[in-house]
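J.: Before I ask anything, here is the structure I am working with.
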Amino acid sequence: MMTELIDRIAALIAGSEHDLDSIERTLTDGYAHALSLEAERHRLEKRLTEVTQELHAGDPDANTRELSRLAERLGGNADELVALRGHLSDLRRHAQEIRAA
């Protein structure tokens, strides 16, 4: 989904057509995806806190592995969110330029 969305954004910015309806739809899709990423980040942070609190209970090795996986996913999520927000900002700016013209 993310790659397809970024490809659509890039095509709209690079394209010679100034289809504001497509731009607005893509912005809406992009912001919806950003909200989804933020919700996932919240779930990952919550689980990270839970596992950290349970670190010494149960199997410490399994908890440590889960912490590592959660931290990795959280980092990837943050990178994806930053990239998406940057592309959305570019598209929003492009839409403003079209409206101004």
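Simple scheme: letters A, B, ... for chains in structure tokens order, numbers from 1 for residues in each chain, numbers from 1 for ligands in the order shown.
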Give me the residues near Leu70 of chain A as a list in words, where near means some atom within 9 Å (using only C-alpha atoms) and where sequence neighbours in that chain fewer than 5 positions away do not count.

T.: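 Within the cut-off, the hits are Leu44, Glu45, Arg47, Leu48, Arg65 and Gly75 of chain A.
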
J.: Could you please take those selected residues and save N, CA and C atoms as a CSV table (one decimal), in the first residue's frame?

T.:
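And here is the file that came out, part_6.csv:
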chain,number,residue,atom,x,y,z
A,44,LEU,N,2.1,-0.6,19.2
A,44,LEU,CA,3.5,-1.1,19.4
A,44,LEU,C,4.1,-0.5,20.7
A,45,GLU,N,3.9,0.8,20.9
A,45,GLU,CA,4.4,1.4,22.1
A,45,GLU,C,3.8,0.8,23.3
A,47,ARG,N,2.5,-2.2,23.6
A,47,ARG,CA,3.0,-3.6,23.8
A,47,ARG,C,4.5,-3.6,24.3
A,48,LEU,N,5.2,-2.6,23.8
A,48,LEU,CA,6.6,-2.5,24.3
A,48,LEU,C,6.7,-2.2,25.8
A,65,ARG,N,13.6,-11.1,23.0
A,65,ARG,CA,13.4,-11.2,21.5
A,65,ARG,C,12.2,-10.4,21.1
A,75,GLY,N,10.7,1.3,14.8
A,75,GLY,CA,11.6,2.1,14.0
A,75,GLY,C,11.1,2.2,12.6

J.: Enumerate, in order of chain and increasing residue number, the residues of segment 28-55 of chain A with an atom no farther than 12 Å from segment 19-22 of chain A, each with its shortest atom pair and distance in Å to one decimal, counting only C-alpha atoms, as a Markdown table.

T.:
| residue | atom | partner | partner_atom | distance |
| --- | --- | --- | --- | --- |
| A:Thr28 | CA | A:Ser22 | CA | 9.8 |
| A:Asp29 | CA | A:Ser22 | CA | 10.4 |
| A:Gly30 | CA | A:Ser22 | CA | 12.0 |

J.: Let me see the file: selected residues, N, CA and C atoms, as a PDB file, in the first residue's frame.

T.:
ATOM      1  N   THR A  28      -6.384  12.413   0.814  1.00  0.00           N
ATOM      2  CA  THR A  28      -7.259  11.760   1.785  1.00  0.00           C
ATOM      3  C   THR A  28      -6.778  10.343   2.079  1.00  0.00           C
ATOM      4  N   ASP A  29      -6.449   9.599   1.022  1.00  0.00           N
ATOM      5  CA  ASP A  29      -5.923   8.239   1.213  1.00  0.00           C
ATOM      6  C   ASP A  29      -4.628   8.274   2.020  1.00  0.00           C
ATOM      7  N   GLY A  30      -3.778   9.241   1.705  1.00  0.00           N
ATOM      8  CA  GLY A  30      -2.497   9.348   2.398  1.00  0.00           C
ATOM      9  C   GLY A  30      -2.656   9.674   3.869  1.00  0.00           C
TER      10      GLY A  30
END

J.: Rank A:Glu54, A:Asp61, A:Asp90, A:Glu40 by their smallest atom-to-atom distance to Gly76 of chain A, using only C-alpha atoms, and report the top residue only.

T.: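 Among the listed residues, A:Glu40 lies closest to Gly76 of chain A.
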
J.: Could you check how far atom CA of Ile13 of chain A sits from atom CA of Arg92 of chain A, in Å to one decimal?

T.: 9.6 Å

J.: Do you know which residues are at most 12 Å from Ala32 of chain A counting only C-alpha atoms, after dropping those on the same chain fewer than 5 positions away, and could you put them as a PyMOL selection string?

T.: chain A and resi 1-2+5+25-27+37-39+81+84-85+88

J.: From the list A:Leu91, A:Ile98, A:Val51, A:Val82, which residue is nearest Ala10 of chain A when using only C-alpha atoms?

T.: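 Under the stated criterion, the closest residue is A:Leu91.
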
J.: Ranking A:Glu97, A:Asp79, A:Glu72, A:Glu4 by minimum distance to His18 of chain A and counting only C-alpha atoms, which one comes first?

T.: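 Comparing A:Glu97, A:Asp79, A:Glu72, A:Glu4 against His18 of chain A, the winner is A:Glu97.
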
J.: Between A:His87, A:His33, A:Arg99, A:Arg93, which residue has the minimum interatomic distance to Ala11 of chain A, considering only C-alpha atoms?

T.: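 That would be A:His87, the residue with the smallest distance to Ala11 of chain A.
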
J.: To one decimal place, how far is atom CA of Ala101 of chain A from atom CA of Gly86 of chain A in Å?

T.: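 Computed distance, atom CA of Ala101 of chain A to atom CA of Gly86 of chain A, equals 22.9 Å.
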
J.: Please report the interatomic distance between atom CA of Thr49 of chain A and atom CA of Ala71 of chain A in Å with one decimal.

T.: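 Between these atoms lies a distance of 10.9 Å.
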
J.: For each of A:Arg43, A:Glu50, A:Ser16, A:Thr3, take the minimum atom-to-atom distance to Asn63 of chain A, counting only C-alpha atoms, then give the residue where this is smallest.

T.: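 Residue with the minimum atom-to-atom distance to Asn63 of chain A: A:Glu50.
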